[in-house]
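Student: Got a file for you: structure25.txt, compact mmCIF, C-alpha atoms.
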# COMPACT_ATOMS: atom_id res chain seq x y z
CA MET A 1039 14.94 5.87 -31.64
CA THR A 1040 11.74 6.20 -33.61
CA THR A 1041 8.51 7.44 -32.10
CA ARG A 1042 6.93 4.06 -32.78
CA THR A 1043 9.47 2.10 -30.70
CA ILE A 1044 9.17 4.61 -27.87
CA GLU A 1045 5.40 4.34 -27.86
CA ILE A 1046 5.53 0.54 -27.89
CA ALA A 1047 8.00 0.57 -24.97
CA VAL A 1048 5.76 2.93 -23.01
CA GLY A 1049 2.79 0.69 -23.79
CA ILE A 1050 4.67 -2.32 -22.42
CA PHE A 1051 5.65 -0.32 -19.33
CA VAL A 1052 2.09 0.75 -18.56
CA ALA A 1053 0.83 -2.80 -19.18
CA LEU A 1054 3.46 -4.18 -16.80
CA GLY A 1055 2.52 -1.66 -14.15
CA LEU A 1056 -1.17 -2.51 -14.44
CA ALA A 1057 -0.29 -6.23 -14.35
CA GLY A 1058 1.62 -5.58 -11.13
CA LEU A 1059 -1.38 -3.81 -9.62
CA PHE A 1060 -3.64 -6.62 -10.78
CA MET A 1061 -1.38 -9.22 -9.20
CA LEU A 1062 -1.26 -7.28 -5.92
CA ALA A 1063 -5.05 -7.11 -5.93
CA MET A 1064 -5.89 -10.67 -6.95
CA GLN A 1065 -2.97 -12.79 -5.78
CA VAL A 1066 -1.65 -10.94 -2.74
CA SER A 1067 -4.71 -9.36 -1.15
CA ASN A 1068 -8.15 -10.64 -0.21
CA ILE A 1069 -10.16 -8.75 -2.83
CA SER A 1070 -11.76 -12.03 -3.93
CA GLU A 1071 -13.55 -12.07 -0.57
CA TYR A 1072 -15.24 -8.79 -1.35
CA ARG A 1073 -16.73 -10.04 -4.58
CA ASN A 1074 -19.12 -12.77 -3.51
CA THR A 1075 -21.06 -10.88 -0.89
CA ASP A 1076 -24.41 -12.34 -1.95
CA GLY A 1077 -25.86 -14.38 0.82
CA TYR A 1078 -28.11 -13.99 3.80
CA THR A 1079 -27.43 -12.22 7.07
CA VAL A 1080 -28.10 -13.68 10.51
CA ASN A 1081 -27.51 -12.17 13.94
CA ALA A 1082 -26.21 -13.63 17.14
CA TYR A 1083 -25.83 -12.12 20.61
CA PHE A 1084 -22.77 -12.98 22.66
CA THR A 1085 -21.99 -12.06 26.26
CA ASN A 1086 -18.31 -11.73 25.34
CA ILE A 1087 -16.83 -11.84 21.88
CA GLY A 1088 -13.20 -11.84 23.00
CA GLY A 1089 -11.02 -10.73 20.12
CA LEU A 1090 -13.47 -11.40 17.30
CA LYS A 1091 -12.98 -9.01 14.38
CA VAL A 1092 -15.09 -7.95 11.42
CA ARG A 1093 -14.39 -10.24 8.40
CA ALA A 1094 -13.51 -13.15 10.68
CA PRO A 1095 -14.53 -16.49 9.14
CA VAL A 1096 -17.78 -18.30 9.96
CA THR A 1097 -17.37 -22.06 9.70
CA VAL A 1098 -19.42 -25.24 9.91
CA SER A 1099 -17.31 -28.28 10.88
CA GLY A 1100 -14.27 -26.23 9.93
CA VAL A 1101 -15.57 -25.47 6.42
CA ARG A 1102 -15.81 -21.79 5.74
CA VAL A 1103 -19.36 -20.73 4.86
CA GLY A 1104 -19.35 -16.98 5.47
CA ARG A 1105 -17.84 -14.11 7.40
CA VAL A 1106 -18.60 -11.63 10.16
CA THR A 1107 -19.86 -8.38 8.63
CA ALA A 1108 -20.60 -6.17 11.63
CA ILE A 1109 -20.05 -6.13 15.38
CA ARG A 1110 -21.70 -3.65 17.74
CA TYR A 1111 -22.84 -3.42 21.30
CA ASP A 1112 -26.55 -3.70 21.99
CA PRO A 1113 -27.37 -1.27 24.83
CA GLU A 1114 -30.76 -2.87 25.54
CA ARG A 1115 -29.62 -6.46 25.92
CA PHE A 1116 -26.17 -5.56 27.27
CA GLN A 1117 -24.66 -8.00 24.83
CA ALA A 1118 -22.51 -7.83 21.71
CA ARG A 1119 -24.51 -8.14 18.48
CA VAL A 1120 -22.56 -9.98 15.78
CA GLU A 1121 -23.90 -9.85 12.26
CA MET A 1122 -22.64 -12.50 9.85
CA THR A 1123 -23.23 -13.11 6.17
CA ILE A 1124 -23.51 -16.72 5.12
CA SER A 1125 -23.21 -17.47 1.43
CA ALA A 1126 -26.43 -18.36 -0.34
CA ALA A 1127 -25.23 -21.89 -1.15
CA HIS A 1128 -25.47 -22.81 2.54
CA ASP A 1129 -29.18 -22.19 3.08
CA TYR A 1130 -29.83 -25.48 4.90
CA LEU A 1131 -28.69 -24.55 8.43
CA PRO A 1132 -31.39 -25.47 11.02
CA ALA A 1133 -32.96 -22.64 13.03
CA ASP A 1134 -31.58 -24.02 16.31
CA THR A 1135 -28.00 -23.90 15.10
CA GLN A 1136 -25.52 -23.03 17.83
CA ALA A 1137 -22.80 -20.38 17.33
CA SER A 1138 -19.56 -20.47 19.33
CA ILE A 1139 -16.48 -18.31 19.23
CA TYR A 1140 -13.31 -20.35 19.03
CA THR A 1141 -9.66 -19.57 18.48
CA ALA A 1142 -7.68 -20.98 15.57
CA GLY A 1143 -4.40 -22.20 16.99
CA LEU A 1144 -2.85 -21.04 20.24
CA LEU A 1145 -2.35 -17.41 19.25
CA GLY A 1146 -4.50 -17.44 16.14
CA GLU A 1147 -7.47 -15.44 15.01
CA GLN A 1148 -10.90 -15.97 16.49
CA TYR A 1149 -13.70 -17.31 14.35
CA ILE A 1150 -17.33 -18.35 14.69
CA ALA A 1151 -18.10 -22.05 14.53
CA LEU A 1152 -21.70 -23.06 13.77
CA GLU A 1153 -23.04 -26.39 14.98
CA PRO A 1154 -26.26 -27.41 13.21
CA GLY A 1155 -29.19 -28.37 15.40
CA GLY A 1156 -32.10 -30.66 14.59
CA GLU A 1157 -35.05 -28.45 13.67
CA ASP A 1158 -36.72 -28.56 10.27
CA ASP A 1159 -36.94 -24.77 9.92
CA VAL A 1160 -33.80 -23.22 8.48
CA LEU A 1161 -32.03 -19.94 9.13
CA VAL A 1162 -33.14 -17.22 6.73
CA HIS A 1163 -32.16 -13.60 6.14
CA GLY A 1164 -32.51 -11.59 9.34
CA SER A 1165 -33.05 -14.50 11.71
CA GLU A 1166 -31.32 -14.74 15.05
CA ILE A 1167 -29.17 -17.54 16.40
CA PHE A 1168 -30.42 -18.15 19.95
CA TYR A 1169 -27.87 -20.64 21.20
CA THR A 1170 -24.52 -18.93 21.51
CA GLN A 1171 -21.36 -19.60 23.41
CA SER A 1172 -19.03 -16.72 24.22
CA ALA A 1173 -15.32 -16.60 23.67
CA LEU A 1174 -13.18 -18.14 26.36
CA VAL A 1175 -11.24 -15.55 28.30
CA LEU A 1176 -8.05 -16.99 29.70
CA GLU A 1177 -8.19 -14.97 32.92
CA GLU A 1178 -11.69 -16.25 33.73
CA ILE A 1179 -10.60 -19.87 33.32
CA ILE A 1180 -7.52 -19.34 35.45
CA GLY A 1181 -9.69 -17.63 38.04
CA ARG A 1182 -12.12 -20.56 38.13
CA ILE A 1183 -9.29 -23.08 38.42
CA LEU A 1184 -7.79 -21.09 41.27
CA VAL A 1185 -11.18 -20.97 43.05
CA ASN A 1186 -11.61 -24.74 42.61
CA LEU A 1187 -8.13 -25.44 43.88
CA THR A 1188 -8.51 -23.24 46.94
CA THR A 1189 -12.00 -24.51 47.90
CA ASN A 1190 -10.83 -28.13 47.72
CA MET B 1453 27.32 40.04 18.10
CA LEU B 1454 24.31 40.49 15.87
CA GLY B 1455 26.22 38.94 12.96
CA PRO B 1456 25.25 35.27 13.53
CA LEU B 1457 21.67 36.31 14.24
CA GLN B 1458 21.54 38.17 10.94
CA ARG B 1459 22.96 35.15 9.09
CA LEU B 1460 20.33 32.93 10.68
CA GLY B 1461 17.62 35.37 9.64
CA ARG B 1462 18.95 35.53 6.09
CA TRP B 1463 19.03 31.75 5.92
CA GLY B 1464 15.47 31.50 7.22
CA LEU B 1465 14.22 34.10 4.76
CA GLY B 1466 15.98 32.23 1.97
CA VAL B 1467 14.26 28.97 2.91
CA PHE B 1468 10.83 30.61 2.98
CA GLU B 1469 11.51 32.38 -0.31
CA ARG B 1470 12.39 29.09 -2.00
CA LEU B 1471 9.33 27.43 -0.49
CA GLY B 1472 7.15 30.23 -1.82
CA ARG B 1473 8.71 30.06 -5.27
CA GLY B 1474 8.23 26.29 -5.25
CA HIS B 1475 4.53 26.62 -4.49
CA LEU B 1476 3.99 29.36 -7.07
CA PHE B 1477 5.77 27.16 -9.59
CA LEU B 1478 3.55 24.23 -8.65
CA LEU B 1479 0.51 26.46 -9.16
CA ARG B 1480 1.75 27.34 -12.65
CA ILE B 1481 2.23 23.63 -13.43
CA LEU B 1482 -1.23 22.72 -12.18
CA LEU B 1483 -2.84 25.54 -14.15
CA SER B 1484 -1.21 24.35 -17.39
CA LEU B 1485 -1.88 20.63 -16.81
CA GLY B 1486 -4.32 20.71 -19.72
CA VAL B 1487 -1.44 20.44 -22.18
CA ALA B 1488 -0.93 16.84 -21.03
CA VAL B 1489 -4.39 16.06 -22.43
CA THR B 1490 -4.15 18.10 -25.62
CA ARG B 1491 -0.64 16.90 -26.50
CA PRO B 1492 -0.26 13.39 -25.03
CA ARG B 1493 2.70 12.59 -27.30
CA LEU B 1494 4.91 14.89 -25.23
CA VAL B 1495 3.98 12.92 -22.10
CA ILE B 1496 4.56 9.56 -23.81
CA ARG B 1497 8.06 10.59 -24.84
CA GLU B 1498 8.85 11.54 -21.24
CA LEU B 1499 7.21 8.38 -19.91
CA TYR B 1500 9.82 6.51 -21.90
CA SER B 1501 12.83 8.28 -20.40
CA VAL B 1502 11.37 8.51 -16.89
CA GLY B 1503 9.43 5.26 -16.59
CA VAL B 1504 10.67 2.67 -19.07
CA LEU B 1505 14.33 3.37 -18.43
CA SER B 1506 13.77 3.06 -14.65
CA LEU B 1507 12.11 -0.31 -15.10
CA LEU B 1508 15.28 -2.37 -14.89
CA ILE B 1509 16.65 -0.92 -11.66
CA ILE B 1510 13.20 -1.10 -10.04
CA ALA B 1511 12.66 -4.73 -11.05
CA VAL B 1512 16.14 -5.86 -10.00
CA SER B 1513 15.97 -3.99 -6.68
CA GLY B 1514 12.51 -5.42 -6.08
CA LEU B 1515 13.76 -8.93 -6.66
CA PHE B 1516 16.64 -8.51 -4.22
CA VAL B 1517 14.55 -6.75 -1.57
CA GLY B 1518 12.00 -9.56 -1.79
CA MET B 1519 14.67 -12.22 -1.49
CA VAL B 1520 16.25 -10.51 1.53
CA LEU B 1521 12.81 -10.20 3.14
CA GLY B 1522 12.28 -13.90 2.51
CA TYR B 1523 15.54 -14.75 4.24
CA GLN B 1524 15.19 -12.39 7.19
CA GLY B 1525 11.52 -13.19 7.72
CA TYR B 1526 12.25 -16.90 7.67
CA ILE B 1527 15.17 -16.63 10.12
CA THR B 1528 12.99 -14.75 12.62
CA LEU B 1529 9.77 -16.71 12.11
CA VAL B 1530 11.36 -20.15 12.30
CA LYS B 1531 12.33 -19.41 15.92
CA PHE B 1532 8.64 -19.33 16.79
CA GLY B 1533 7.77 -22.21 14.50
CA ALA B 1534 5.67 -19.77 12.45
CA GLU B 1535 7.52 -19.91 9.13
CA GLU B 1536 4.18 -20.55 7.42
CA ALA B 1537 3.39 -16.88 8.02
CA LEU B 1538 6.31 -15.82 5.81
CA GLY B 1539 3.98 -14.87 2.96
CA SER B 1540 2.02 -12.38 5.03
CA VAL B 1541 5.17 -10.86 6.56
CA VAL B 1542 6.74 -10.34 3.13
CA ALA B 1543 3.59 -9.03 1.47
CA LEU B 1544 2.52 -6.73 4.30
CA SER B 1545 5.91 -5.06 4.65
CA LEU B 1546 6.06 -4.66 0.86
CA VAL B 1547 2.64 -3.25 0.03
CA ARG B 1548 2.48 -1.04 3.11
CA GLU B 1549 5.98 0.38 3.33
CA LEU B 1550 8.87 -0.93 1.29
CA GLY B 1551 7.19 -0.90 -2.12
CA PRO B 1552 6.20 2.78 -2.20
CA VAL B 1553 9.16 4.10 -0.17
CA VAL B 1554 12.06 2.23 -1.76
CA THR B 1555 10.60 2.83 -5.22
CA ALA B 1556 10.31 6.55 -4.50
CA LEU B 1557 13.91 6.72 -3.24
CA LEU B 1558 15.26 4.80 -6.24
CA PHE B 1559 13.08 6.85 -8.56
CA ALA B 1560 14.40 10.11 -7.11
CA GLY B 1561 17.94 8.90 -7.70
CA ARG B 1562 17.39 7.44 -11.14
CA ALA B 1563 14.77 9.66 -12.78
CA GLY B 1564 14.42 12.73 -10.54
CA SER B 1565 18.08 13.67 -10.80
CA ALA B 1566 17.97 13.15 -14.57
CA LEU B 1567 14.93 15.42 -14.85
CA THR B 1568 16.63 18.15 -12.82
CA ALA B 1569 19.84 17.92 -14.81
CA GLU B 1570 17.94 18.01 -18.11
CA ILE B 1571 15.79 21.01 -17.25
CA GLY B 1572 18.75 22.70 -15.53
CA LEU B 1573 20.91 22.36 -18.62
CA MET B 1574 18.07 23.72 -20.75
CA LYS B 1575 17.96 26.75 -18.49
CA THR B 1576 21.74 27.13 -18.34
CA THR B 1577 22.07 27.01 -22.13
CA GLU B 1578 19.13 29.45 -22.38
CA GLN B 1579 16.91 27.04 -24.27
CA LEU B 1580 14.02 27.93 -21.97
CA SER B 1581 14.48 31.65 -22.66
CA GLY B 1582 14.74 30.80 -26.36
CA MET B 1583 11.34 29.13 -26.20
CA GLU B 1584 9.85 32.15 -24.50
CA MET B 1585 11.28 34.31 -27.31
CA MET B 1586 9.37 32.13 -29.78
CA ALA B 1587 6.19 32.55 -27.73
CA VAL B 1588 6.33 28.90 -26.60
CA ASP B 1589 5.55 28.53 -22.91
CA PRO B 1590 8.40 26.40 -21.49
CA VAL B 1591 6.21 25.33 -18.57
CA LYS B 1592 3.72 23.80 -20.99
CA ARG B 1593 6.25 22.45 -23.47
CA VAL B 1594 8.98 21.19 -21.11
CA ILE B 1595 7.90 21.11 -17.47
CA VAL B 1596 4.33 19.77 -17.50
CA PRO B 1597 5.02 16.65 -19.63
CA ARG B 1598 7.92 15.70 -17.37
CA PHE B 1599 5.90 16.35 -14.22
CA VAL B 1600 2.95 14.28 -15.45
CA ALA B 1601 5.20 11.46 -16.66
CA ALA B 1602 6.95 11.23 -13.29
CA PHE B 1603 3.63 11.39 -11.44
CA ILE B 1604 2.19 8.52 -13.52
CA SER B 1605 5.35 6.42 -13.48
CA LEU B 1606 5.92 6.14 -9.75
CA PRO B 1607 2.72 4.25 -8.78
CA LEU B 1608 3.20 1.87 -11.71
CA LEU B 1609 6.83 1.27 -10.77
CA ALA B 1610 5.85 0.75 -7.13
CA ALA B 1611 3.31 -1.88 -8.17
CA ILE B 1612 5.92 -3.65 -10.30
CA PHE B 1613 8.40 -3.45 -7.41
CA SER B 1614 5.98 -5.05 -4.94
CA ALA B 1615 4.86 -7.74 -7.37
CA VAL B 1616 8.45 -8.70 -8.27
CA ALA B 1617 9.49 -8.64 -4.61
CA VAL B 1618 6.64 -10.96 -3.62
CA MET B 1619 7.91 -13.35 -6.29
CA GLY B 1620 11.46 -12.94 -4.93
CA GLY B 1621 10.26 -13.82 -1.44
CA TYR B 1622 8.53 -16.85 -2.93
CA PHE B 1623 11.73 -18.03 -4.63
CA ILE B 1624 13.72 -17.86 -1.41
CA GLY B 1625 11.04 -18.93 1.06
CA VAL B 1626 9.39 -21.70 -0.92
CA GLY B 1627 12.10 -22.62 -3.40
CA LEU B 1628 15.16 -22.52 -1.20
CA LEU B 1629 14.08 -22.72 2.45
CA GLY B 1630 11.20 -25.14 2.03
CA VAL B 1631 8.20 -23.16 3.29
CA ASP B 1632 4.99 -24.69 1.98
CA GLY B 1633 3.97 -22.89 -1.21
CA GLY B 1634 0.24 -23.15 -0.54
CA SER B 1635 0.48 -21.58 2.90
CA TYR B 1636 2.77 -18.85 1.55
CA TRP B 1637 -0.04 -17.60 -0.69
CA SER B 1638 -2.97 -18.41 1.59
CA GLN B 1639 -1.40 -16.69 4.61
CA MET B 1640 -0.74 -13.71 2.39
CA GLN B 1641 -4.32 -13.52 1.15
CA ALA B 1642 -5.68 -14.03 4.65
CA ASN B 1643 -3.73 -11.14 6.14
CA VAL B 1644 -3.38 -8.56 3.37
CA ASP B 1645 -6.53 -6.49 3.06
CA PHE B 1646 -7.21 -4.92 -0.32
CA TYR B 1647 -8.52 -1.57 0.93
CA GLU B 1648 -6.50 -1.28 4.14
CA ASP B 1649 -3.14 -2.35 2.77
CA VAL B 1650 -2.97 -2.38 -1.02
CA MET B 1651 -5.01 0.78 -1.62
CA ASN B 1652 -3.16 2.68 1.11
CA GLY B 1653 0.13 1.64 -0.49
CA ILE B 1654 -1.10 2.96 -3.84
CA ILE B 1655 -2.19 6.24 -2.24
CA LYS B 1656 1.27 6.53 -0.69
CA SER B 1657 2.99 6.02 -4.02
CA LEU B 1658 0.70 8.61 -5.66
CA VAL B 1659 1.68 11.16 -3.00
CA PHE B 1660 5.36 10.29 -3.35
CA GLY B 1661 5.13 10.52 -7.15
CA PHE B 1662 3.61 13.98 -6.87
CA VAL B 1663 6.23 15.23 -4.42
CA VAL B 1664 9.26 13.74 -6.20
CA ALA B 1665 8.06 15.05 -9.58
CA TRP B 1666 7.44 18.49 -8.11
CA ILE B 1667 10.86 18.69 -6.41
CA ALA B 1668 12.68 17.44 -9.52
CA VAL B 1669 11.15 19.89 -12.00
CA PHE B 1670 11.28 22.79 -9.55
CA GLU B 1671 14.98 22.27 -8.77
CA GLY B 1672 15.70 22.06 -12.49
CA HIS B 1673 13.77 25.20 -13.29
CA ASP B 1674 15.15 27.07 -10.28
CA THR B 1675 18.77 26.15 -10.88
CA VAL B 1676 21.54 28.76 -10.80
CA PRO B 1677 22.65 28.79 -14.46
CA THR B 1678 26.22 27.67 -13.88
CA SER B 1679 27.80 24.23 -13.88
CA GLU B 1680 28.16 24.45 -10.10
CA GLY B 1681 24.56 25.49 -9.69
CA MET B 1682 23.42 22.54 -11.79
CA SER B 1683 25.37 20.05 -9.75
CA ARG B 1684 23.89 21.58 -6.59
CA SER B 1685 20.33 21.38 -7.89
CA THR B 1686 20.79 17.76 -8.91
CA THR B 1687 22.10 16.87 -5.46
CA ARG B 1688 19.30 18.83 -3.81
CA THR B 1689 16.69 16.95 -5.82
CA VAL B 1690 17.90 13.60 -4.49
CA VAL B 1691 18.39 14.81 -0.91
CA HIS B 1692 15.14 16.76 -0.64
CA SER B 1693 13.12 14.03 -2.35
CA ALA B 1694 14.49 11.42 0.05
CA LEU B 1695 13.76 13.58 3.10
CA ALA B 1696 10.29 14.53 1.85
CA VAL B 1697 9.41 10.92 1.04
CA LEU B 1698 10.53 9.58 4.41
CA ALA B 1699 8.84 12.36 6.38
CA LEU B 1700 5.61 12.06 4.39
CA ASP B 1701 5.72 8.29 4.83
CA PHE B 1702 5.72 8.76 8.58
CA ILE B 1703 2.77 11.16 8.43
CA LEU B 1704 0.79 9.00 5.99
CA THR B 1705 1.44 5.85 8.02
CA GLY B 1706 0.21 7.66 11.11
CA LEU B 1707 -2.95 8.79 9.31
CA MET B 1708 -3.67 5.42 7.67
CA PHE B 1709 -2.75 2.85 10.28
CA GLY B 1710 -2.59 4.95 13.44
CA ASP B 1711 -6.16 4.37 14.59
CA ILE B 1712 -5.87 0.60 14.91
As structure tokens - that is how I would like this structure written.

Tutor:
Amino acid sequence: MTTRTIEIAVGIFVALGLAGLFMLAMQVSNISEYRNTDGYTVNAYFTNIGGLKVRAPVTVSGVRVGRVTAIRYDPERFQARVEMTISAAHDYLPADTQASIYTAGLLGEQYIALEPGGEDDVLVHGSEIFYTQSALVLEEIIGRILVNLTTN
Amino acid sequence: MLGPLQRLGRWGLGVFERLGRGHLFLLRILLSLGVAVTRPRLVIRELYSVGVLSLLIIAVSGLFVGMVLGYQGYITLVKFGAEEALGSVVALSLVRELGPVVTALLFAGRAGSALTAEIGLMKTTEQLSGMEMMAVDPVKRVIVPRFVAAFISLPLLAAIFSAVAVMGGYFIGVGLLGVDGGSYWSQMQANVDFYEDVMNGIIKSLVFGFVVAWIAVFEGHDTVPTSEGMSRSTTRTVVHSALAVLALDFILTGLMFGDI
């Protein structure tokens, strides 16, 4: 076999390998989420975030507008501080928007649902969402039901 | 009475001696890696016999592994009514584990054994000594190009394996069993993280490529120059590569995913 054919075959092989890597990156994994990180960041404090994870979706009426970028515990307020990035296209959310942590499906992932309020001011970079609703913890609900049942 | 003890000691010393020789040999390879840059044609020629000729078995195995994963994943998931998650099951098991590991095992059998046999025969027929007589360093001329070619080939082959297997899972899951095609891909993209899963899989295949290439060229160079010795080295390449890959996979998995 001539050197030329061998080199062409190796070229095809390397191209195929890189195409495989490219497919794994673009089609299989979530690298596209990492690209459009431009947007503004808002904070919200929750008493309990349940099983919320970094990179969980942030939605308005079920439409995805951003994602959770950082979660940490605030030792001064004794609450969890959730930082979320909302894409720049959605810059119309009122300042009194409410943030709640819900669960997608019965065993699904937890996400943040935003419910727009009525104020004219809008959320900007660095602003805080004051109205928050923590994640529902199953044991707490069961406990409350049991208390209600026994007191009645 | 001391006989068995002495045999055990001799065996242990032999193991350590081989390990030491292997590491010294690796040091020699790493010190002469520059030849891969100055004479890339040597590497390209080896890339053909190591990489291109392994392409078929890797692609076909990938297709079948993906199709089996599609079947097995579906059978289990449908019990919980979660067959929509098939895409993420298939892709996660492929990019994290099966892609790098199965490719490395196949590669050790297909290309590693061939490398050992080739270098072993060169040593047995005194071609390597002949080169030294002509003041050609056999490590630079013979070993390094093969080592580099194997090291480059394995990650590329692992990527091809995973990509083909994901397609195989798609054929079975979506084409045959009727999982929704849109949720196959969207579940996959929602659950496979680029840095956590894909990059860690690539790091694994780089480590495996290094180890399999090292074992293959060392066994070839270290062979006893007889026909029996050659057959032993070839077998050892496959066995040791498989053991090293599986043990390293356990350690790497522990390091990468253990803290979650």

Student: For chain A, report every residue with an atom at most 7 Å from chain B (counting all atoms listed in the file), formatted as a PyMOL selection string.

Tutor: chain A and resi 1044-1045+1047-1048+1051+1054-1056+1058-1059+1061-1063+1066-1069

Student: What's the 12 Å shell around Gly1620 in chain B, counting only C-alpha atoms, without same-chain residues fewer than 4 positions away, as JSON, numbers by chain?

Tutor: {"B": [1511, 1512, 1513, 1514, 1515, 1516, 1517, 1518, 1519, 1520, 1521, 1522, 1523, 1539, 1542, 1543, 1546, 1613, 1614, 1615, 1616, 1624, 1625, 1626, 1627, 1628]}

Student: Please write the residues from the selection above to a file, keeping C-alpha atoms, as a short mmCIF file (atom, residue, chain, number, x, y, z; two decimals), in the frame of the given file.

Tutor:
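Here's the written file again-v3.cif:
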data_model
loop_
_atom_site.label_atom_id
_atom_site.label_comp_id
_atom_site.auth_asym_id
_atom_site.auth_seq_id
_atom_site.Cartn_x
_atom_site.Cartn_y
_atom_site.Cartn_z
CA ALA B 1511 12.66 -4.73 -11.05
CA VAL B 1512 16.14 -5.86 -10.00
CA SER B 1513 15.97 -3.99 -6.68
CA GLY B 1514 12.51 -5.42 -6.08
CA LEU B 1515 13.76 -8.93 -6.66
CA PHE B 1516 16.64 -8.51 -4.22
CA VAL B 1517 14.55 -6.75 -1.57
CA GLY B 1518 12.00 -9.56 -1.79
CA MET B 1519 14.67 -12.22 -1.49
CA VAL B 1520 16.25 -10.51 1.53
CA LEU B 1521 12.81 -10.20 3.14
CA GLY B 1522 12.28 -13.90 2.51
CA TYR B 1523 15.54 -14.75 4.24
CA GLY B 1539 3.98 -14.87 2.96
CA VAL B 1542 6.74 -10.34 3.13
CA ALA B 1543 3.59 -9.03 1.47
CA LEU B 1546 6.06 -4.66 0.86
CA PHE B 1613 8.40 -3.45 -7.41
CA SER B 1614 5.98 -5.05 -4.94
CA ALA B 1615 4.86 -7.74 -7.37
CA VAL B 1616 8.45 -8.70 -8.27
CA ILE B 1624 13.72 -17.86 -1.41
CA GLY B 1625 11.04 -18.93 1.06
CA VAL B 1626 9.39 -21.70 -0.92
CA GLY B 1627 12.10 -22.62 -3.40
CA LEU B 1628 15.16 -22.52 -1.20
#

Student: I want to know what sits within 12 Å of range 1706-1708 of chain B, based on all atoms listed in the file, with residues of the same chain fewer than 2 positions away left out; could you give that as a PyMOL selection string?

Tutor: chain B and resi 1548-1549+1647-1653+1655-1656+1699-1704+1710-1712

Student: May I have the residues from that selection written out with C-alpha atoms, as a compact mmCIF listing (two decimals), in the coordinates of the input?

Tutor:
# COMPACT_ATOMS: atom_id res chain seq x y z
CA ARG B 1548 2.48 -1.04 3.11
CA GLU B 1549 5.98 0.38 3.33
CA TYR B 1647 -8.52 -1.57 0.93
CA GLU B 1648 -6.50 -1.28 4.14
CA ASP B 1649 -3.14 -2.35 2.77
CA VAL B 1650 -2.97 -2.38 -1.02
CA MET B 1651 -5.01 0.78 -1.62
CA ASN B 1652 -3.16 2.68 1.11
CA GLY B 1653 0.13 1.64 -0.49
CA ILE B 1655 -2.19 6.24 -2.24
CA LYS B 1656 1.27 6.53 -0.69
CA ALA B 1699 8.84 12.36 6.38
CA LEU B 1700 5.61 12.06 4.39
CA ASP B 1701 5.72 8.29 4.83
CA PHE B 1702 5.72 8.76 8.58
CA ILE B 1703 2.77 11.16 8.43
CA LEU B 1704 0.79 9.00 5.99
CA GLY B 1710 -2.59 4.95 13.44
CA ASP B 1711 -6.16 4.37 14.59
CA ILE B 1712 -5.87 0.60 14.91

Student: So, counting all atoms listed in the file, which residue among A:Leu1161, A:Ile1150, A:Val1052, A:Leu1174 is closest to His1128 in chain A?

Tutor: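 Residue with the minimum atom-to-atom distance to His1128 in chain A: A:Leu1161.
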
Student: Looking at B:Val1467, B:Leu1538, B:Ile1571, B:Ala1696, which one is nearest to Gly1634 in chain B, with distances taken over all atoms listed in the file?

Tutor: B:Leu1538

Student: Just the residues within 7 Å of Thr1085 in chain A, please, counting all atoms listed in the file, with nothing from its chain fewer than 5 positions along; format it as a PyMOL selection string.

Tutor: chain A and resi 1117-1118+1172

Student: I need every residue sitting at most 9 Å from the point (6.9, 14.4, -17.4) (coordinates as in the file, all atoms listed in the file considered), written as a PyMOL selection string.

Tutor: chain B and resi 1488+1494-1499+1502+1567+1594-1604+1665+1669

Student: Between CA of Thr1576 in chain B and CA of Thr1675 in chain B, what distance in Å does the model show, to one decimal?

Tutor: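 Computed distance, CA of Thr1576 in chain B to CA of Thr1675 in chain B, equals 8.1 Å.
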
Student: Thr1141 in chain A: which residues within 9 Å, counting only C-alpha atoms, same-chain residues fewer than 5 positions away excluded, as a ChimeraX atom specification?

Tutor: /A:1146-1150,1173-1174

Student: With C-alpha atoms kept, could you save the residues just selected as a PDB file, keeping the file's coordinate frame?

Tutor:
ATOM      1  CA  GLY A1146      -4.500 -17.440  16.140  1.00  0.00           C
ATOM      2  CA  GLU A1147      -7.470 -15.440  15.010  1.00  0.00           C
ATOM      3  CA  GLN A1148     -10.900 -15.970  16.490  1.00  0.00           C
ATOM      4  CA  TYR A1149     -13.700 -17.310  14.350  1.00  0.00           C
ATOM      5  CA  ILE A1150     -17.330 -18.350  14.690  1.00  0.00           C
ATOM      6  CA  ALA A1173     -15.320 -16.600  23.670  1.00  0.00           C
ATOM      7  CA  LEU A1174     -13.180 -18.140  26.360  1.00  0.00           C
TER       8      LEU A1174
END

Student: For range 1581-1593 of chain B in the structure I just supplied, write out C-alpha atoms - as a compact mmCIF listing (two decimals), in the first residue's frame.

Tutor:
# COMPACT_ATOMS: atom_id res chain seq x y z
CA SER B 1581 20.17 -5.56 17.55
CA GLY B 1582 20.81 -5.01 13.85
CA MET B 1583 19.52 -1.46 14.17
CA GLU B 1584 21.76 -0.83 17.14
CA MET B 1585 24.70 -2.08 15.06
CA MET B 1586 23.84 0.59 12.48
CA ALA B 1587 23.70 3.23 15.21
CA VAL B 1588 19.90 3.51 14.88
CA ASP B 1589 18.20 3.68 18.26
CA PRO B 1590 15.44 1.02 18.11
CA VAL B 1591 13.52 2.80 20.86
CA LYS B 1592 13.28 5.91 18.70
CA ARG B 1593 12.79 4.13 15.39
